[in-house]
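Novice: The structure under discussion is supplied below as structure tokens; questions concerning it will follow.
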4 protein chains.
Amino acid sequence: VSPGGLLSPGSHRADGVADDDAVVRAIAGVEVAWLRALSSLGAVDTNVVDAVSAAAETLTASGTELVARTEDTGNPVPAVLGLLRQGLPQEAASALHRGLTSQDTLDTALILLVRDAANRVRADLDVLSDALGRLAHRHRHDVMVGRTLTQQAVPITFGLKVARWLDAVLDARDGVDRLLPSLPVQCGGAAGTLALVGELTDDPLAAVTAFAGELGLADRSPWHTHRAPLTSAADALVAVCDAIGVIASDVCLLARPEIAEVTEGPVAGRGGSSTMPHKQNPVLGVLVRSASLQAPLLGAQLHLAAAQAVDERPDGAWHSEWPALQQLLVLTVTATSQAAELVSGLYVDTEVMAARAASAAEALLAERGRPGVPADYLGVADELVERTLRRLRAAGPEDG
Amino acid sequence: VSPGGLLSPGSHRADGVADDDAVVRAIAGVEVAWLRALSSLGAVDTNVVDAVSAAAETLTASGTELVARTEDTGNPVPAVLGLLRQGLPQEAASALHRGLTSQDTLDTALILLVRDAANRVRADLDVLSDALGRLAHRHRHDVMVGRTLTQQAVPITFGLKVARWLDAVLDARDGVDRLLPSLPVQCGGAAGTLALVGELTDDPLAAVTAFAGELGLADRSPWHTHRAPLTSAADALVAVCDAIGVIASDVCLLARPEIAEVTEGPVAGRGGSSTMPHKQNPVLGVLVRSASLQAPLLGAQLHLAAAQAVDERPDGAWHSEWPALQQLLVLTVTATSQAAELVSGLYVDTEVMAARAASAAEALLAERGRPGVPADYLGVADELVERTLRRLRAAGPEDG
Amino acid sequence: VSPGGLLSPGSHRADGVADDDAVVRAIAGVEVAWLRALSSLGAVDTNVVDAVSAAAETLTASGTELVARTEDTGNPVPAVLGLLRQGLPQEAASALHRGLTSQDTLDTALILLVRDAANRVRADLDVLSDALGRLAHRHRHDVMVGRTLTQQAVPITFGLKVARWLDAVLDARDGVDRLLPSLPVQCGGAAGTLALVGELTDDPLAAVTAFAGELGLADRSPWHTHRAPLTSAADALVAVCDAIGVIASDVCLLARPEIAEVTEGPVAGRGGSSTMPHKQNPVLGVLVRSASLQAPLLGAQLHLAAAQAVDERPDGAWHSEWPALQQLLVLTVTATSQAAELVSGLYVDTEVMAARAASAAEALLAERGRPGVPADYLGVADELVERTLRRLRAAGPEDG
Amino acid sequence: VSPGGLLSPGSHRADGVADDDAVVRAIAGVEVAWLRALSSLGAVDTNVVDAVSAAAETLTASGTELVARTEDTGNPVPAVLGLLRQGLPQEAASALHRGLTSQDTLDTALILLVRDAANRVRADLDVLSDALGRLAHRHRHDVMVGRTLTQQAVPITFGLKVARWLDAVLDARDGVDRLLPSLPVQCGGAAGTLALVGELTDDPLAAVTAFAGELGLADRSPWHTHRAPLTSAADALVAVCDAIGVIASDVCLLARPEIAEVTEGPVAGRGGSSTMPHKQNPVLGVLVRSASLQAPLLGAQLHLAAAQAVDERPDGAWHSEWPALQQLLVLTVTATSQAAELVSGLYVDTEVMAARAASAAEALLAERGRPGVPADYLGVADELVERTLRRLRAAGPEDG
């Protein structure tokens with residue numbers, strides 16, 4: 001059981017991103033890392049670490065029964081711990097989770113899911129950026145009609161339009177790049193004081209640092225009721241969906257047969273109608289556009305939870321984060337992958353663009369007050385394309 | 001694969017509500033009903049109906065592969081049809097889906113899922129209403145402190161508070177009762193004209209009527225781009241979550257140890273902490289409250305889609321409805337069931353209530369300007385309880 | 001000060017709907033009605049009613065100072081009462097507001113604003129429905145291309161498209177018709193027991209009934225923490241915006257110069273560009289579309305508040321309703337008026353429609369498998385138009 | 001006319017932030033800056049600049065009539081230009097706005113409003129941070145009960161709770177600090193090519209740079225359809241509301257009379273009830289909490305617009321940004337100011353805290369398994385307070 005599925009077309013692209021097996025693996029991974037951290041401080045025997053680590057490796061969600069047990073405690077951690085303990089010797093079973101609270105484990109596990117999803121998104125943003133860069137370069141001199149408020153305005157180049165898409169994608173990628181190293185471990189114990197950890201080791205903060213190190217996450221003070229790590233992640237992912245949503249919406253418009261300036265690249269079996277043999281639907285465009293209509297409300301859900309994170313652990317706000325985050329991860333991973341494929345295969349009809357611009361020349365140049373051809377009235381379109389391509393090139397070596 | 005799962009504690013209560021198997025069953029059921037409808041008009045042979053019906057019965061979602069195939073067409077219908085056709089003789093395979101468009105099938109299937117979920121919710125609202133009725137009656141003379149803006153105001157009875165919860169639940173139940181008979185079949189063909197159905201039978205509208213009859217749904221004009229059937233369903237379900245959310249939030253407040261006027265009924269193994277043996281968390285209250293924080297944004301997602309249902313089938317808005325609807329169904333079914341259990345098992349400490357009211361008597365009666373005991377200053381609390389209980393009794397016989 | 005203004009183009013159409021003067025008038029009107037109700041039961045002297053009524057008539061918001069005073073109590077009622085009391089004799093000043101709590105007054109005042117706005121919306125929905133009815137009738141035989149997922153599908157008539165718009169508008173109008181008579185008075189005193197009213201009269205519930213009668217509102221039990229009266233209003237108004245949003249979005253698409261099947265009726269001075277003399281922007285379409293993108297989140301805000309209406313008056317949820325409701329009223333009144341004007345003046349180019357359908361005939365009829373002309377393949381389009389026009393006619397006499 | 005007003009208690013604190021006069025001033029200021037920029041390149045005579053600059057200084061919104069004229073063009077810029085042109089000599093009137101499109105002016109004006117609001121928020125975050133720092137320091141050894149899921153868990157100090165609030169506020173302040181220097185000028189002409197500017201000067205990009213310089217904004221490529229500058233601003237402001245919302249919600253809980261560990265500082269005339277003389281409502285807490293329930297949906301509105309920014313200027317998405325942004329600015333400025341005052345005047349009852357912790361000692365230490373006093377089981381609470389105070393001190397010199 002997981003988000004995605006038949007009502008989220010294309011969600012196989014996000015396979016394993018946030019389904020129940022991924023949740024179980026992440027929870028188990030967090031517990032193992034915590035034991036390793038304690039072990040590095042001499043607070044847990046290495047036998048225990050080895051036993052738990054071995055048991056964790058074969059753990060899987062056993063379906064409905066595990067879900068039913070999540071209700072008893074209101075979160076999935078104890079149920080997963082129960083499963084994990086089944087095959088453990090007594091000493092390891094007792095040591096497991098010692099010092100942590102459920103929120104430590106679950107929040108850290110969620111951060112691991114976020115990191116995995118963000119890394120997948122990051123990789124697809126690279127593919128997408130490169131594809132956009134090639135497209136912008138190829139079409140930097142291809143004139144088309146610029147449209148504002150649905151009407152024809154002044155000429156632009158298709159390269160400029162693509163460069164604007166690229167600018168947005170690079171901004172979104174920068175956001176993911178800022179996000180990834182900031183993703184923190186959660187570790188505070190029952191109420192954020194690490195008091196129980198203090199029973200296990202003299203230096204609880206060193207344990208947190210070691211824990212973060214085991215998982216490759218940032219070390220920071222407990223954030224049980226300060227949810228910026230999750231809302232920042234949501235903001236970064238929503239920004240990705242915003243950027244690719246514009247591309248998809250533009251493609252859907254330009255692919256209308258009456259405009260016909262671009263077409264989604266044909267893939268065998270894709271885009272056909274169940275009844276009309278002639279139709280070629282812009283399927284990827286439609287699905288990415290759909291994702292971009294959903295992401296903002298999922299982000300808002302996380303902010304709403306953040307604003308109500310009362311006490312040392314809130315009574316419902318915390319729980320309301322999980323499905324929205326899960327859905328946002330699946331959606332963004334899916335849609336970014338689709339967007340990369342959409343742009344990589346986009347067919348551009350520069351002849352249609354040129355012919356339309358030529359036939360509308362008078363209107364397109366009316367602003368200038370002197371007749372001419374659209375190509376004469378492009379302002380700094382090419383300089384702007386070049387500026388964005390330079391930005392792409394500059395980002396290239398470091399990031400990829 | 002489905003919504004719910006480990007990150008939606010208690011979602012086993014919504015088992016089968018909107019998972020992939022439910023989607024496949026609903027799609028197959030719609031196709032069978034359509035063939036039966038055509039058959040009733042003599043437009044399809046009964047052999048075909050029997051063959052498809054038999055094949056439909058054993059159909060299940062085969063997992064990831066089926067999901068991957070949803071992307072080619074942007075919706076799950078063709079993939080499910082492909083699966084269904086595998087075991088069919090040629091004649092039945094050709095007749096299958098003839099006259100329908102994917103949106104006819106999927107929208108009707110979604111309506112079937114809505115109906116199933118709404119019926120489950122309706123049944124739990126009965127349990128909840130009866131439990132609230134008993135509670136209001138039992139505590140109609142139990143005085144407690146009334147609180148406004150977090151501060152103690154004037155006295156009320158716990159019965160009055162429960163009667164207000166009940167009033168809201170009965171309103172929500174009325175909403176579900178209005179919704180259920182209005183749920184319509186979707187049937188219009190590629191662009192809502194039933195043109196292809198006109199190739200199969202002389203009276204396409206009679207086919208729609210028969211189709212609706214087969215499924216027990218309302219007959220209405222195509223609503224491909226008029227999404228009120230879904231937004232009305234969403235509004236009704238969100239209203240349920242609003243009503244039970246208030247109950248849950250009140251319980252979470254009154255169960256705080258410093259207030260301690262109610263306690264979630266103890267269930268073996270539930271509400272315990274992973275580290276603190278003494279704690280009894282109000283788990284159901286927390287989870288229902290969490291649901292009520294999520295439902296409003298899911299409803300908004302459906303309205304956003306409705307407002308953008310352009311052309312004869314929109315490019316993304318339609319698709320953005322599915323995950324939100326799916327999540328809303330699972331959430332509402334789960335939370336209503338939890339709320340019914342929460343109220344049925346609620347422990348009420350009338351002594352604590354009475355003692356607190358007594359000790360605050362001076363403040364509670366300050367408004368009146370004459371000293372006295374809280375029980376003297378209850379206004380029409382009891383008449384209001386009685387009014388709501390009469391409403392519950394009046395609704396009783398007809399509804400259940 | 002009020003919502004609307006320069007950043008809400010066209011909001012002069014909602015003048016007086018929910019600005020500060022309207023709020024002050026509504027609050028004063030509620031207080032006068034309450035005194036009249038008490039007076040009808042002999043609980044207040046008619047001199048008092050007359051004095052307050054006279055003072056209320058000349059009351060206006062005095063700007064910033066009044067706003068500053070709202071903060072002391074967290075709601076505007078005491079500040080307005082203070083203003084109202086300034087010119088009153090001692091007896092009237094003491095009698096004013098006696099028996100009510102701020103929430104009684106403010107909620108009832110908000111309901112009055114809702115009613116005023118809903119009535120305006122209702123009137124514009126009549127204009128809009130009639131205009132749509134004429135348009136559907138006029139174009140019931142005008143063939144055009146049906147479009148799904150942006151691509152050309154099968155033929156429809158423009159009359160059918162308009163009939164679908166009309167169907168949605170009639171559903172939305174039915175929603176407003178259900179809403180209006182249900183709008184209730186709020187009257188419960190500090191914690192919903194009417195205890196203080198019981199100090200003024202023997203029959204507090206009779207006072208509530210008289211109060212409701214004075215204002216022409218429905219009589220019902222206190223709903224301080226059961227917010228269905230407001231969420232139902234929001235649902236009804238959002239449904240209006242959904243319905244007109246689809247019309248506007250369709251117009252924006254069909255008015256694209258490459259499609260050019262409809263044009264917003266020219267109005268002197270409207271739709272021009274600040275720099276491009278040739279452009280005619282679909283201004284009303286754009287603004288109505290913009291409204292339909294905003295309404296769903298405003299509705300969600302009210303549901304979020306409803307779900308958290310704890311205690312006998314909640315600590316923030318109640319307050320979060322006001323700006324969203326205010327904005328939703330202004331938005332819906334404005335956009336419905338714009339939509340009525342948009343449809344009334346819409347220019348339809350049936351020649352462009354016919355020519356495009358003719359040239360795409362092969363594709364449009366591919367589904368059928370036999371060649372022909374688009375007008376031959378319209379299914380029951382005309383019957384569906386007739387069905388909706390009958391619905392409009394049936395609704396006519398009763399409603400307007 | 002403006003957001004705020006009687007239904008937004010305390011919005012006098014945001015006076016001038018985004019009302020119509022502020023919009024008019026910002027638009028006029030942008031136009032003057034553009035002329036100065038052109039003048040610096042020799043493209044406009046200084047007489048023109050002087051004339052426009054003088055006329056701009058006395059410009060005010062003339063109310064409803066100006067609003068009515070916004071509808072003709074769908075945005076307020078042409079109406080304001082019309083007003084500005086009234087007193088100008090012919091040459092200046094013609095030069096005004098030359099080279100710009102309405103979106104250049106309005107987007108830049110909105111950015112100016114954002115900057116003004118963000119600066120006010122920044123200043124109040126300094127006050128708030130300092131107040132929190134003092135509070136955390138003062139109470140670093142004051143033991144209280146830690147609460148999770150509404151129940152008493154393990155001991156914390158009030159200083160630790162405040163340090164967590166402070167950590168969140170410092171994160172939010174860092175976000176505002178990142179935002180402010182990134183706020184860009186919008187300048188691209190009709191479709192983002194600066195073509196018309198190219199008719200005025202040889203180096204259009206230099207004109208943009210000069211324009212940015214005049215306004216102290218960042219220079220960047222046109223972002224007409226790449227709305228990250230606005231969504232980033234929204235994200236930063238929503239994060240502020242998240243941070244202060246948690247403080248306010250915690251204060252509302254802890255100020256409940258049954259808990260009574262903190263009280264909102266008394267201010268003459270504030271927090272009183274309209275009917276109950278004894279009550280002291282946590283007014284600022286309630287209002288800040290209310291703001292934090294609203295901000296997330298306003299942010300989502302801007303992301304929704306961003307995701308749909310099609311063509312070279314979208315047909316409705318752009319327009320849907322304005323009221324949400326306006327409301328978010330007013331809300332955040334108001335609530336941050338209220339939060340600063342709330343924390344500065346907070347009364348903390350350390351005796352109640354200590355007594356409650358002492359009486360619950362057994363439960364609070366159950367996790368540890370050894371009896372003792374709560375002060376013995378605080379883990380690294382004090383180190384965590386110190387870490388946050390160091391962060392505050394480190395930020396101090398650079399930022400203020």
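Within each chain, counting starts at residue 1; across the structure tokens, chains are named A, B, ... in the order shown, with ligands numbered 1 upward in that order.
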Could you list the residues in chain B lying within 6 Å of chain A, using only C-alpha atoms, and format the result as a PyMOL selection string?
Specialist: chain B and resi 1-3+5-7+9-10+12+20+67-68+70-74+76+270-271+283+286+289-290+315-317+319-320+322
Novice: Those same residues - C-alpha atoms - I'd like them written as a PDB file, in the first residue's frame.
Specialist:
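Saved result, part01.pdb, follows:
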```
ATOM      1  CA  VAL B   1      -1.114   0.134  -4.101  1.00  0.00           C
ATOM      2  CA  SER B   2      -3.552   2.607  -2.637  1.00  0.00           C
ATOM      3  CA  PRO B   3      -3.771   5.573  -0.337  1.00  0.00           C
ATOM      4  CA  GLY B   5      -1.004   2.497   4.642  1.00  0.00           C
ATOM      5  CA  LEU B   6       1.561   2.926   7.371  1.00  0.00           C
ATOM      6  CA  LEU B   7       1.575   6.710   7.198  1.00  0.00           C
ATOM      7  CA  PRO B   9      -2.758   5.120  10.980  1.00  0.00           C
ATOM      8  CA  GLY B  10      -6.092   3.383  11.137  1.00  0.00           C
ATOM      9  CA  HIS B  12      -7.224  -0.454   7.597  1.00  0.00           C
ATOM     10  CA  ASP B  20      -6.202  -0.320  -6.941  1.00  0.00           C
ATOM     11  CA  VAL B  67       0.216   1.317 -13.370  1.00  0.00           C
ATOM     12  CA  ALA B  68       2.943   1.739 -15.976  1.00  0.00           C
ATOM     13  CA  THR B  70      -1.868   3.978 -17.324  1.00  0.00           C
ATOM     14  CA  GLU B  71       0.615   6.554 -18.491  1.00  0.00           C
ATOM     15  CA  ASP B  72       0.265   5.768 -22.173  1.00  0.00           C
ATOM     16  CA  THR B  73      -3.277   7.061 -22.167  1.00  0.00           C
ATOM     17  CA  GLY B  74      -3.145   9.248 -19.105  1.00  0.00           C
ATOM     18  CA  PRO B  76      -6.322   3.767 -16.094  1.00  0.00           C
ATOM     19  CA  ARG B 270      -3.780   1.427  22.464  1.00  0.00           C
ATOM     20  CA  GLY B 271      -2.528   4.860  23.394  1.00  0.00           C
ATOM     21  CA  VAL B 283      -4.987   8.296  19.976  1.00  0.00           C
ATOM     22  CA  VAL B 286      -5.501  12.809  17.657  1.00  0.00           C
ATOM     23  CA  ARG B 289      -8.327  15.734  14.529  1.00  0.00           C
ATOM     24  CA  SER B 290      -5.530  15.141  12.032  1.00  0.00           C
ATOM     25  CA  ASP B 315      -5.983  18.843 -19.966  1.00  0.00           C
ATOM     26  CA  GLY B 316      -4.940  18.165 -16.400  1.00  0.00           C
ATOM     27  CA  ALA B 317      -7.739  19.455 -14.200  1.00  0.00           C
ATOM     28  CA  HIS B 319      -6.525  14.180 -13.672  1.00  0.00           C
ATOM     29  CA  SER B 320      -5.836  16.286 -10.613  1.00  0.00           C
ATOM     30  CA  TRP B 322      -8.269  11.503  -8.707  1.00  0.00           C
TER      31      TRP B 322
END
```
Novice: Using only C-alpha atoms, which of A:Leu84, A:Val343, A:Val169, A:Val48 sits nearest Glu264 (chain A)?
Specialist: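 Among A:Leu84, A:Val343, A:Val169, A:Val48, it is A:Val343 that comes nearest to Glu264 (chain A).
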Novice: Kindly indicate which residue among C:Leu183, C:Ala168, C:Leu96, C:Cys241 lies nearest to Thr334 (chain C), using only C-alpha atoms for the distances.
Specialist: C:Cys241
Novice: Need to verify the contact set: Leu215 (chain D), 8 Å, only C-alpha atoms, exclusion of same-chain residues closer than 3 positions in sequence. Can you return it as a VMD selection string?
Specialist: chain D and resid 30 33 185 211 to 212
